[in-house]
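Asks: Quick one, protein.txt (compact mmCIF, C-alpha atoms):
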# COMPACT_ATOMS: atom_id res chain seq x y z
CA GLY E 1 -25.48 41.88 174.13
CA ASP E 2 -29.27 42.13 174.03
CA GLY E 3 -29.41 43.18 177.69
CA TYR E 4 -27.06 46.10 177.16
CA GLY E 5 -28.88 47.12 173.96
CA GLY E 6 -32.22 47.14 175.75
CA PHE E 7 -30.80 49.18 178.62
CA GLU E 8 -29.27 51.67 176.18
CA VAL E 9 -32.62 52.14 174.39
CA PHE E 10 -34.34 52.67 177.75
CA ARG E 11 -31.69 55.22 178.82
CA ARG E 12 -32.12 57.19 175.60
CA GLN E 13 -35.90 57.12 175.96
CA LEU E 14 -35.59 58.51 179.49
CA GLU E 15 -33.39 61.31 178.17
CA GLU E 16 -36.00 62.09 175.51
CA ILE E 17 -38.77 62.07 178.14
CA GLU E 18 -36.81 64.54 180.27
CA ALA E 19 -35.94 66.72 177.26
CA GLN E 20 -39.64 67.07 176.40
CA GLY E 21 -40.72 67.62 180.00
CA LEU E 22 -42.80 64.43 180.12
CA GLN E 23 -41.53 63.11 183.46
CA SER E 24 -44.92 63.56 185.16
CA ALA E 25 -46.78 61.67 182.43
CA PHE E 26 -44.16 58.89 182.48
CA GLN E 27 -44.37 58.61 186.27
CA LEU E 28 -48.16 58.38 186.06
CA HIS E 29 -48.01 55.48 183.60
CA LYS E 30 -45.32 53.72 185.63
CA GLU E 31 -47.33 54.02 188.84
CA THR E 32 -50.68 52.84 187.45
CA TYR E 33 -49.74 50.25 184.83
CA ALA E 34 -48.54 47.69 187.37
CA GLN E 35 -52.13 47.30 188.55
CA LEU E 36 -53.43 46.45 185.07
CA SER E 37 -51.95 42.95 185.07
CA ILE E 38 -53.62 42.24 188.42
CA LEU E 39 -56.92 43.64 187.12
CA MET E 40 -56.77 41.46 183.99
CA ASN E 41 -55.70 38.32 185.86
CA ASN E 42 -58.58 38.69 188.32
CA GLY E 43 -60.98 38.27 185.38
CA SER E 44 -64.77 38.49 185.13
CA CYS E 45 -66.69 35.42 186.29
CA LEU E 46 -69.16 34.16 183.66
CA ASP E 47 -72.31 32.15 184.36
CA LEU E 48 -72.18 29.60 181.51
CA ALA E 49 -75.78 28.47 182.04
CA GLU E 50 -77.07 32.05 181.84
CA ASN E 51 -74.87 32.66 178.80
CA ALA E 52 -76.47 29.71 176.97
CA ALA E 53 -80.00 30.78 177.96
CA LEU E 54 -79.28 34.38 176.98
CA GLY E 55 -78.02 33.26 173.56
CA GLU E 56 -81.23 31.30 172.97
CA ARG E 57 -83.40 34.25 173.97
CA TYR E 58 -81.52 36.51 171.55
CA ILE E 59 -81.84 34.04 168.67
CA ASN E 60 -85.59 33.66 169.23
CA HIS E 61 -86.13 37.41 169.64
CA LEU E 62 -84.15 38.27 166.50
CA ALA E 63 -86.12 35.72 164.48
CA GLN E 64 -89.35 37.44 165.55
CA LEU E 65 -87.93 40.93 164.95
CA SER E 66 -86.59 40.09 161.49
CA GLY E 67 -89.98 38.64 160.59
CA GLU E 68 -91.69 41.90 161.55
CA ILE E 69 -89.22 43.90 159.43
CA ARG E 70 -89.54 41.63 156.39
CA ALA E 71 -93.32 41.84 156.63
CA VAL E 72 -92.91 45.54 155.81
CA LEU E 73 -89.77 45.65 153.64
CA GLY E 74 -90.05 42.29 151.89
CA PRO E 75 -87.82 39.18 151.94
CA ILE E 76 -84.46 40.95 152.12
CA ASN E 77 -81.14 40.12 153.76
CA LEU E 78 -81.05 42.56 156.67
CA ASN E 79 -77.25 42.35 156.75
CA SER E 80 -76.97 43.53 153.14
CA ALA E 81 -76.65 47.33 152.96
CA LYS E 82 -77.51 47.30 149.25
CA GLN E 83 -80.76 45.35 149.74
CA LEU E 84 -81.69 47.48 152.74
CA VAL E 85 -81.17 50.72 150.78
CA GLY E 86 -83.41 49.43 148.00
CA ALA E 87 -86.15 48.28 150.37
CA LEU E 88 -86.16 51.48 152.43
CA THR E 89 -86.24 53.79 149.41
CA ARG E 90 -89.19 51.83 148.00
CA LYS E 91 -91.12 51.80 151.27
CA VAL E 92 -90.21 55.33 152.42
CA PRO E 93 -89.98 57.55 149.30
CA SER E 94 -89.06 60.61 151.36
CA ILE E 95 -86.04 58.93 152.95
CA THR E 96 -82.58 60.43 152.32
CA LEU E 97 -79.81 57.87 152.72
CA THR E 98 -76.93 60.09 151.67
CA GLU E 99 -74.15 61.05 154.05
CA TYR E 100 -73.37 64.71 154.50
CA GLN E 101 -69.59 64.47 154.27
CA TRP E 102 -66.79 66.61 152.92
CA LYS E 103 -65.00 64.04 150.76
CA LYS E 104 -66.00 63.34 147.18
CA TRP E 105 -67.44 59.99 146.22
CA ASP E 106 -65.98 57.87 143.43
CA ASP E 107 -69.23 56.45 142.11
CA GLU E 108 -72.97 56.78 142.47
CA GLU E 109 -73.49 53.70 144.68
CA GLU E 110 -71.31 55.12 147.44
CA LYS E 111 -73.69 58.03 147.91
CA PHE E 112 -76.04 55.79 149.89
CA SER E 113 -75.41 54.68 153.44
CA THR E 114 -77.23 52.69 156.09
CA LYS E 115 -74.91 53.73 158.90
CA LYS E 116 -76.45 54.24 162.32
CA ALA E 117 -76.12 58.04 162.19
CA VAL E 118 -77.91 58.20 158.84
CA LEU E 119 -80.76 55.90 159.91
CA MET E 120 -81.20 57.79 163.20
CA ARG E 121 -81.44 61.03 161.25
CA GLU E 122 -84.21 59.56 159.09
CA ALA E 123 -86.00 57.53 161.80
CA HIS E 124 -88.87 60.02 162.16
CA LYS E 125 -90.01 59.27 158.59
CA HIS E 126 -91.24 55.71 159.24
CA PRO E 127 -91.40 53.40 162.30
CA ILE E 128 -89.72 50.57 160.37
CA ILE E 129 -86.40 52.48 160.49
CA ALA E 130 -86.40 52.28 164.29
CA LYS E 131 -87.07 48.54 163.96
CA VAL E 132 -84.02 48.16 161.71
CA LEU E 133 -81.87 50.03 164.23
CA GLU E 134 -83.25 47.85 167.02
CA TYR E 135 -82.44 44.70 165.02
CA ARG E 136 -78.87 45.83 164.39
CA ARG E 137 -78.25 46.68 168.03
CA ARG E 138 -79.52 43.34 169.24
CA GLU E 139 -77.76 41.35 166.52
CA THR E 140 -74.50 42.94 167.70
CA LEU E 141 -75.30 41.94 171.28
CA ARG E 142 -76.26 38.43 170.15
CA ARG E 143 -72.89 37.98 168.44
CA PHE E 144 -71.16 39.10 171.63
CA VAL E 145 -73.13 36.63 173.76
CA THR E 146 -72.73 33.61 171.49
CA GLY E 147 -69.10 34.39 170.65
CA ILE E 148 -67.81 34.88 174.20
CA HIS E 149 -66.75 31.22 174.58
CA LYS E 150 -63.46 31.69 172.71
CA HIS E 151 -62.39 34.09 175.47
CA VAL E 152 -63.40 31.86 178.40
CA ARG E 153 -60.78 30.32 180.71
CA LYS E 154 -61.84 27.65 183.21
CA ARG E 155 -60.57 27.82 186.79
CA GLY E 156 -61.81 24.70 188.47
CA LYS E 157 -65.61 24.75 188.19
CA LEU E 158 -65.75 28.47 187.39
CA ALA E 159 -65.47 30.18 184.01
CA PHE E 160 -63.68 33.51 183.59
CA VAL E 161 -63.37 36.07 180.82
CA GLU E 162 -59.91 37.68 180.86
CA THR E 163 -60.07 40.83 178.75
CA SER E 164 -57.00 42.81 177.69
CA ILE E 165 -56.94 46.26 179.33
CA ARG E 166 -54.52 48.81 177.92
CA GLY E 167 -53.91 52.54 178.19
CA ASP E 168 -51.83 52.98 175.05
CA VAL E 169 -54.54 52.26 172.47
CA THR E 170 -56.62 55.43 172.57
CA VAL E 171 -55.02 58.81 171.84
CA THR E 172 -56.53 60.19 175.06
CA HIS E 173 -54.92 57.38 177.15
CA ARG E 174 -58.30 56.19 178.34
CA MET E 175 -58.18 52.55 179.42
CA SER E 176 -59.51 50.33 176.64
CA SER E 177 -60.73 46.75 176.71
CA SER E 178 -60.33 44.20 173.91
CA LYS E 179 -60.50 40.46 173.24
CA PRO E 180 -63.32 40.85 174.23
CA ASN E 181 -64.36 44.47 174.73
CA LEU E 182 -66.20 44.44 178.05
CA GLN E 183 -66.37 48.24 178.15
CA ASN E 184 -68.68 48.34 175.15
CA LEU E 185 -71.56 46.42 176.71
CA ALA E 186 -74.47 48.73 176.00
CA ARG E 187 -76.65 49.93 178.83
CA ASP E 188 -79.78 47.84 178.46
CA THR E 189 -83.11 49.48 177.69
CA GLU E 190 -86.26 48.91 179.75
CA GLU E 191 -87.57 46.66 176.97
CA GLU E 192 -84.39 44.57 176.96
CA SER E 193 -84.68 44.12 180.72
CA ALA E 194 -88.31 43.05 180.33
CA LEU E 195 -87.31 40.56 177.61
CA GLN E 196 -84.41 39.27 179.75
CA LEU E 197 -81.86 40.35 177.14
CA ASN E 198 -79.44 42.13 179.47
CA VAL E 199 -75.98 40.92 178.39
CA LYS E 200 -74.44 41.98 181.71
CA SER E 201 -76.66 39.52 183.59
CA GLN E 202 -74.28 36.66 182.70
CA TYR E 203 -71.48 38.14 184.84
CA ILE E 204 -71.64 36.98 188.45
CA SER E 205 -69.57 36.79 191.63
CA ARG E 206 -66.87 34.13 191.90
CA PHE E 207 -67.72 33.77 195.59
CA LEU E 208 -70.62 31.73 196.94
CA GLY E 209 -72.95 34.38 198.34
CA GLY E 210 -70.83 37.18 196.84
CA THR E 211 -72.00 40.34 195.08
CA LEU E 212 -70.71 42.73 192.42
CA SER E 213 -70.37 46.51 192.76
CA GLU E 214 -69.57 49.38 190.40
CA ALA E 215 -68.10 52.67 191.65
CA ASP E 216 -68.51 55.51 189.17
CA GLU E 217 -66.83 58.93 189.26
CA SER E 218 -69.90 61.17 188.90
CA GLN E 219 -69.73 63.68 186.00
CA LEU E 220 -65.94 63.40 186.01
CA GLU E 221 -65.29 64.90 182.57
CA LEU E 222 -67.46 67.93 183.33
CA ARG E 223 -65.59 68.37 186.62
CA ILE E 224 -62.25 68.17 184.81
CA ALA E 225 -63.51 70.73 182.27
CA ALA E 226 -64.49 73.08 185.11
CA ILE E 227 -61.12 72.60 186.85
CA ALA E 228 -59.05 73.00 183.67
CA SER E 229 -60.93 76.11 182.54
CA SER E 230 -61.42 77.60 186.04
CA ASP E 231 -64.96 78.48 184.96
CA GLY E 232 -66.56 80.06 188.03
CA ALA E 233 -70.19 79.33 187.11
CA MET E 234 -69.45 75.70 186.30
CA MET E 235 -67.46 75.23 189.50
CA ASP E 236 -70.22 76.83 191.59
CA ALA E 237 -72.71 74.31 190.19
CA PHE E 238 -70.54 71.44 191.44
CA LEU E 239 -69.77 73.05 194.79
CA ARG E 240 -73.49 73.32 195.58
CA GLY E 241 -73.54 69.52 195.62
CA THR E 242 -76.91 69.14 193.89
CA ASP E 243 -77.65 67.61 190.49
CA VAL E 244 -75.15 69.37 188.24
CA HIS E 245 -77.17 69.06 185.02
CA THR E 246 -80.18 70.65 186.73
CA GLU E 247 -77.91 73.45 187.99
CA LEU E 248 -76.31 74.02 184.59
CA ALA E 249 -79.67 73.92 182.79
CA ALA E 250 -81.08 76.51 185.21
CA MET E 251 -78.08 78.79 184.64
CA MET E 252 -78.36 78.52 180.87
CA ARG E 253 -82.11 79.25 180.92
CA GLY E 254 -81.88 81.93 183.60
CA ILE E 255 -84.49 80.17 185.74
CA SER E 256 -84.71 78.66 189.21
CA THR E 257 -83.73 74.99 189.59
CA LYS E 258 -87.27 74.24 190.80
CA HIS E 259 -88.56 75.22 187.35
CA VAL E 260 -86.21 72.84 185.51
CA THR E 261 -88.31 70.02 184.07
CA GLU E 262 -86.82 66.64 183.13
CA ALA E 263 -87.05 67.64 179.46
CA ILE E 264 -85.10 70.87 180.11
CA ARG E 265 -82.53 68.97 182.19
CA GLN E 266 -82.03 66.34 179.49
CA ALA E 267 -81.68 68.97 176.76
CA GLY E 268 -79.15 70.79 178.91
CA LYS E 269 -77.21 67.60 179.62
CA THR E 270 -77.06 66.76 175.91
CA THR E 271 -75.88 70.29 175.13
CA ASN E 272 -73.22 70.19 177.86
CA PHE E 273 -71.56 67.06 176.52
CA HIS E 274 -72.07 68.04 172.89
CA VAL E 275 -70.15 71.30 173.42
CA LEU E 276 -67.58 69.50 175.59
CA TYR E 277 -66.85 67.13 172.69
CA GLY E 278 -66.71 69.99 170.18
CA GLY E 279 -69.99 69.23 168.42
CA ALA E 280 -71.64 71.64 165.99
CA ALA E 281 -75.23 72.90 165.82
CA PHE E 282 -76.28 70.46 163.09
CA GLY E 283 -75.28 67.44 165.17
CA LEU E 284 -76.98 68.84 168.26
CA SER E 285 -80.20 69.44 166.31
CA LEU E 286 -80.25 65.74 165.36
CA ARG E 287 -79.69 64.65 168.94
CA LEU E 288 -82.32 66.99 170.38
CA GLY E 289 -84.79 66.61 167.52
CA CYS E 290 -84.95 70.37 167.01
CA SER E 291 -84.13 72.82 164.22
CA LYS E 292 -80.57 73.95 163.54
CA PRO E 293 -81.32 77.57 164.64
CA GLU E 294 -82.70 76.25 167.95
CA ALA E 295 -79.54 74.18 168.44
CA GLU E 296 -77.40 77.21 167.64
CA GLY E 297 -79.32 79.07 170.34
CA MET E 298 -78.62 76.31 172.88
CA ILE E 299 -74.89 76.41 172.13
CA ALA E 300 -74.89 80.22 172.32
CA GLN E 301 -76.61 79.98 175.73
CA PHE E 302 -73.91 77.59 176.92
CA TYR E 303 -71.07 79.93 175.95
CA ALA E 304 -72.92 82.99 177.29
CA THR E 305 -73.21 81.24 180.65
CA PHE E 306 -69.78 79.64 180.86
CA HIS E 307 -67.36 82.34 179.68
CA GLY E 308 -64.37 80.72 181.36
CA PHE E 309 -64.82 77.47 179.49
CA GLU E 310 -65.20 79.27 176.17
CA ALA E 311 -62.00 81.26 176.80
CA TRP E 312 -60.12 78.06 177.70
CA GLN E 313 -61.49 76.32 174.60
CA ARG E 314 -60.34 79.15 172.33
CA ALA E 315 -56.91 79.12 174.02
CA GLN E 316 -56.60 75.35 173.45
CA GLU E 317 -57.49 75.76 169.78
CA ALA E 318 -54.99 78.60 169.32
CA PHE E 319 -52.24 76.58 171.03
CA ALA E 320 -52.96 73.55 168.83
CA LYS E 321 -52.77 75.68 165.69
CA LYS E 322 -49.42 77.15 166.72
CA HIS E 323 -47.67 74.10 168.21
CA LEU E 324 -49.60 71.13 166.69
CA TYR E 325 -50.08 69.54 170.09
CA VAL E 326 -51.96 70.10 173.34
CA GLU E 327 -50.99 69.11 176.86
CA SER E 328 -53.20 67.96 179.71
CA MET E 329 -52.83 68.94 183.37
CA PHE E 330 -50.99 65.65 183.95
CA GLY E 331 -48.49 66.43 181.20
CA ARG E 332 -49.89 64.09 178.57
CA ARG E 333 -49.55 65.40 175.04
CA ARG E 334 -51.76 64.87 172.00
CA HIS E 335 -49.85 65.60 168.79
CA PHE E 336 -51.47 66.57 165.48
CA VAL E 337 -50.50 66.68 161.82
CA GLN E 338 -50.76 70.04 160.07
CA PRO E 339 -54.06 70.05 158.14
CA ARG E 340 -54.39 71.52 154.68
CA SER E 341 -56.89 73.99 156.08
CA TRP E 342 -58.13 74.68 159.60
CA LYS E 343 -61.57 75.40 158.11
CA ALA E 344 -61.82 72.01 156.40
CA PRO E 345 -63.36 69.06 158.29
CA GLU E 346 -59.87 67.68 158.99
CA GLY E 347 -58.84 70.95 160.66
CA LYS E 348 -62.11 71.20 162.59
CA ARG E 349 -61.63 67.63 163.85
CA ILE E 350 -58.19 68.55 165.21
CA LEU E 351 -59.62 71.59 167.01
CA ARG E 352 -62.31 69.40 168.60
CA GLN E 353 -59.63 66.99 169.79
CA ALA E 354 -57.56 69.88 171.13
CA VAL E 355 -60.36 70.49 173.63
CA ASN E 356 -61.57 66.96 174.26
CA ALA E 357 -58.26 65.05 174.47
CA PRO E 358 -56.94 66.80 177.62
CA ILE E 359 -60.31 66.44 179.36
CA GLN E 360 -60.63 62.73 178.61
CA GLY E 361 -56.96 62.12 179.36
CA ASP E 362 -57.09 63.86 182.74
CA ALA E 363 -60.35 62.11 183.66
CA SER E 364 -58.68 58.80 182.87
CA ALA E 365 -55.65 59.73 184.98
CA VAL E 366 -57.81 60.67 187.98
CA THR E 367 -59.75 57.39 187.74
CA ASN E 368 -56.61 55.28 187.37
CA ILE E 369 -54.94 56.88 190.38
CA GLY E 370 -58.04 56.24 192.50
CA ILE E 371 -58.30 52.63 191.30
CA LYS E 372 -54.63 52.00 192.08
CA GLN E 373 -55.08 53.38 195.59
CA ALA E 374 -58.16 51.18 196.13
CA MET E 375 -56.34 48.07 194.88
CA ASP E 376 -53.34 48.83 197.09
CA ARG E 377 -55.59 49.05 200.16
CA ILE E 378 -57.43 45.84 199.32
CA GLU E 379 -54.07 44.08 199.04
CA LYS E 380 -52.55 45.74 202.11
CA GLU E 381 -55.53 44.85 204.29
CA ARG E 382 -55.56 41.29 202.88
CA LEU E 383 -59.19 41.38 201.85
CA GLN E 384 -60.48 38.62 199.60
CA SER E 385 -62.63 40.83 197.36
CA LYS E 386 -61.29 41.52 193.86
CA LEU E 387 -61.28 44.57 191.62
CA PHE E 388 -61.74 43.03 188.17
CA MET E 389 -62.70 45.66 185.59
CA THR E 390 -62.60 49.37 184.77
CA VAL E 391 -65.14 50.96 182.44
CA HIS E 392 -64.03 54.50 181.60
CA ASP E 393 -64.65 56.44 184.84
CA SER E 394 -65.73 53.46 186.96
CA ALA E 395 -64.31 50.42 188.75
CA LEU E 396 -65.99 47.05 189.28
CA THR E 397 -65.44 44.83 192.29
CA ASP E 398 -66.32 41.23 193.13
CA ASN E 399 -67.18 41.35 196.83
CA TYR E 400 -66.44 38.49 199.20
CA PRO E 401 -69.37 37.83 201.60
CA GLY E 402 -69.18 40.17 204.57
CA GLU E 403 -66.75 42.60 202.89
CA ARG E 404 -69.09 44.56 200.61
CA GLU E 405 -69.78 47.58 202.82
CA TYR E 406 -66.10 47.96 203.68
CA ILE E 407 -65.14 47.66 200.00
CA HIS E 408 -67.62 50.46 199.26
CA ASP E 409 -65.93 52.61 201.93
CA ILE E 410 -62.52 51.93 200.35
CA LEU E 411 -63.78 52.79 196.86
CA ARG E 412 -65.27 56.08 198.06
CA ASP E 413 -62.23 57.02 200.15
CA GLU E 414 -59.66 56.34 197.45
CA MET E 415 -61.54 57.32 194.28
CA GLU E 416 -62.86 60.56 195.81
CA HIS E 417 -59.39 61.46 197.13
CA PRO E 418 -56.82 60.45 194.50
CA ASN E 419 -53.33 61.71 195.31
CA THR E 420 -52.94 63.78 192.15
CA GLU E 421 -50.54 66.23 193.76
CA GLN E 422 -47.72 63.67 193.49
CA PHE E 423 -47.98 64.35 189.74
CA GLY E 424 -48.15 68.11 190.16
CA VAL E 425 -51.94 68.42 189.78
CA LYS E 426 -54.23 69.96 192.40
CA LEU E 427 -57.93 69.26 191.97
CA THR E 428 -59.90 72.38 192.90
CA LEU E 429 -63.26 70.59 193.01
CA PRO E 430 -64.35 67.66 195.20
CA LEU E 431 -65.03 64.36 193.46
CA GLN E 432 -68.13 62.26 193.98
CA VAL E 433 -68.38 58.49 193.61
CA ASP E 434 -71.74 56.80 193.02
CA ILE E 435 -71.97 53.08 193.81
CA LYS E 436 -74.29 50.41 192.44
CA THR E 437 -74.40 46.84 193.70
CA GLY E 438 -76.21 43.57 193.04
CA PRO E 439 -75.89 39.81 192.47
CA THR E 440 -74.91 40.28 188.80
CA TRP E 441 -73.40 43.07 186.71
CA GLY E 442 -76.77 43.47 185.01
CA SER E 443 -78.91 43.68 188.15
CA MET E 444 -77.22 46.41 190.15
CA SER E 445 -79.12 49.06 192.10
CA LYS E 446 -77.72 52.45 193.04
CA LEU E 447 -76.98 52.96 196.72
CA VAL E 448 -78.60 56.00 198.29
CA THR E 449 -76.15 57.84 200.51
CA ALA E 450 -77.29 59.65 203.61
Taking this structure as input, can you express it in the form of structure tokens?

Replies:
Amino acid sequence: GDGYGGFEVFRRQLEEIEAQGLQSAFQLHKETYAQLSILMNNGSCLDLAENAALGERYINHLAQLSGEIRAVLGPINLNSAKQLVGALTRKVPSITLTEYQWKKWDDEEEKFSTKKAVLMREAHKHPIIAKVLEYRRRETLRRFVTGIHKHVRKRGKLAFVETSIRGDVTVTHRMSSSKPNLQNLARDTEEESALQLNVKSQYISRFLGGTLSEADESQLELRIAAIASSDGAMMDAFLRGTDVHTELAAMMRGISTKHVTEAIRQAGKTTNFHVLYGGAAFGLSLRLGCSKPEAEGMIAQFYATFHGFEAWQRAQEAFAKKHLYVESMFGRRRHFVQPRSWKAPEGKRILRQAVNAPIQGDASAVTNIGIKQAMDRIEKERLQSKLFMTVHDSALTDNYPGEREYIHDILRDEMEHPNTEQFGVKLTLPLQVDIKTGPTWGSMSKLVTA
């Protein structure tokens, strides 16, 4: 019958898992997935009155913003790429709206693009381009705010958003959120805060007098990169326990940390993640606003400083070329399709993923193990607070009055000490959890630890 057939399929899948040596990865999924249903069922409490007010503020602000743009570009439909291309090329003759891509275009019209990356590249040529980008960002947020109602479920007098959280959507096994995507709520700018346009401000505690908190694994992907590559310089920067981006920037520049300005730190931070994600000099030059040779120099400085990471990166790329897959410390595999050429963009993309996929996958595993441990303790100790959301390397809790400080202790204890050794992984660097808390998701302040 159906029961026997299902059991037989499961048995054969287990045999295949064992044959490929994927028992550790399977065990990890089995251990952590049970908590996802609890996480989703807990839901995020939505303030319907704030949602309505927020929607009105967005509508009014966008009307003003679109008026300012049309005063410069003319009476165009801002949602029409064709009209926007025409208006921008008339107003800014020096603008270049072509994409620098490898594939050939079928006709002339397709040469022009108003994608975010293209407009950001050209933004220095006229202030109106930044206005267009600002309009697009806030129109996207407006649609999220006004469209959230179809995802709302009432529980008595309270309204909840129950997002779908899955770990089998992304190729790196990072937890993803959909229907709606609560992980993609952009960090608000200072201007958006001043204009009361923070979309996270509509998420509140379900408890009278309750608060929300977010526990974030500090610089987790960089830590995983240091652990995986055994890069001594990178590990030393973390072991000193100071600001890691300041430490890394000082190493790359060959200067003392006291001489690292905020500009140097930010440039170093951007370079760190750009190299981590396999970015090239051209992309870094756009992000830093510098020339391509200067960006090449920054990347060269990174590799000259962190030899261990470079050696690990080259080993990952060589393994991917030979076997068409890479494997993370937790045994997760990312498979690839043989490209026509490793020098073509398709091949280069695979080599980037060969480095990035294990780092993101292992960071996700570490976070999920810590979250599971925290949820188990909350349940075991019969606390009323709820863990209701995970955003990449962080966990969000809804704190029952009087439990907040203890919940923070649990989050730090469990997320800083995940039992990874049960999956055959020993973390050779300490983890650090930073916690923010406040009355709403959008009004949290970082706690200063002693």

Asks: Point out the residue among E:Pro418, E:Gly86, E:Gly6, E:Pro401 with the least atom-to-atom distance to Phe207 of chain E, counting all atoms listed in the file.

Replies: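 Under the stated criterion, the closest residue is E:Pro401.
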
Asks: Tell me, counting only C-alpha atoms, for each residue of segment 196-285 of chain E within 7 Å of segment 360-376 of chain E, which pair of atoms is nearest and how far apart they are in Å to one decimal, in rows ordered by chain and increasing number, as a tab-separated table.

Replies:
residue	atom	partner	partner_atom	distance
E:Leu220	CA	E:Ala363	CA	6.2
E:Glu221	CA	E:Ala363	CA	5.8
E:Ile224	CA	E:Ala363	CA	6.5

Asks: Rank E:Ala395, E:Met120, E:Val171, E:Ile264 by their smallest atom-to-atom distance to Pro358 of chain E, using only C-alpha atoms, and report the top residue only.

Replies: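 Once distances to Pro358 of chain E are computed over only C-alpha atoms, the minimum belongs to E:Val171.
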
Asks: Which residue is closest to Trp441 of chain E? Choose from E:Lys269, E:Arg206, E:Lys200, E:Arg166 and count only C-alpha atoms.

Replies: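 Residue with the minimum atom-to-atom distance to Trp441 of chain E: E:Lys200.
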
Asks: Contacts of Glu294 of chain E at 8 Å or less, counting all atoms listed in the file, minus same-chain residues fewer than 4 places along, as a ChimeraX atom specification?

Replies: /E:285,290,298

Asks: From the options E:Arg287, E:Thr172, E:Thr271, E:Tyr325, which residue's atoms come nearest to Ala300 of chain E, counting all atoms listed in the file?

Replies: E:Thr271

Asks: Record the distance separating atom CA of Leu276 of chain E and atom CA of Asn356 of chain E, expressed in Å with one decimal.

Replies: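 A separation of 6.7 Å between them.
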
Asks: Can you find the residues with an atom no farther than 12 Å from (-53.3, 80.5, 163.1), counting only C-alpha atoms, and report them as a PyMOL selection string?

Replies: chain E and resi 314-315+317-324+338-339+341-343+347+351

Asks: From the list E:Leu78, E:Ala49, E:Leu119, E:Leu208, which residue is nearest Thr96 of chain E when using all atoms listed in the file?

Replies: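 Of all the options, E:Leu119 lies closest to Thr96 of chain E.
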
Asks: Could you please determine the separation between atom CA of Leu195 of chain E and atom CA of Leu88 of chain E in Å, to one decimal place?

Replies: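 Between atom CA of Leu195 of chain E and atom CA of Leu88 of chain E the gap is 27.5 Å.
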
Asks: Please compute the atom CA of Ala249 of chain E-atom CA of Ala267 of chain E distance, one decimal, in Å.

Replies: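 Atom CA of Ala267 of chain E lies 8.1 Å from atom CA of Ala249 of chain E.
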
Asks: When you count all atoms listed in the file, which of these residues is closest to Ser44 of chain E: E:Thr163, E:Asn60, E:Ser443, E:Asn198?

Replies: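 Smallest separation from Ser44 of chain E among the options: E:Thr163.
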
Asks: Give me, as a ChimeraX atom specification, all polymer residues having an atom no more than 10 Å from Asp236 of chain E, counting all atoms listed in the file and skipping those fewer than 6 positions away in the same chain.

Replies: /E:226,244,247-248,429
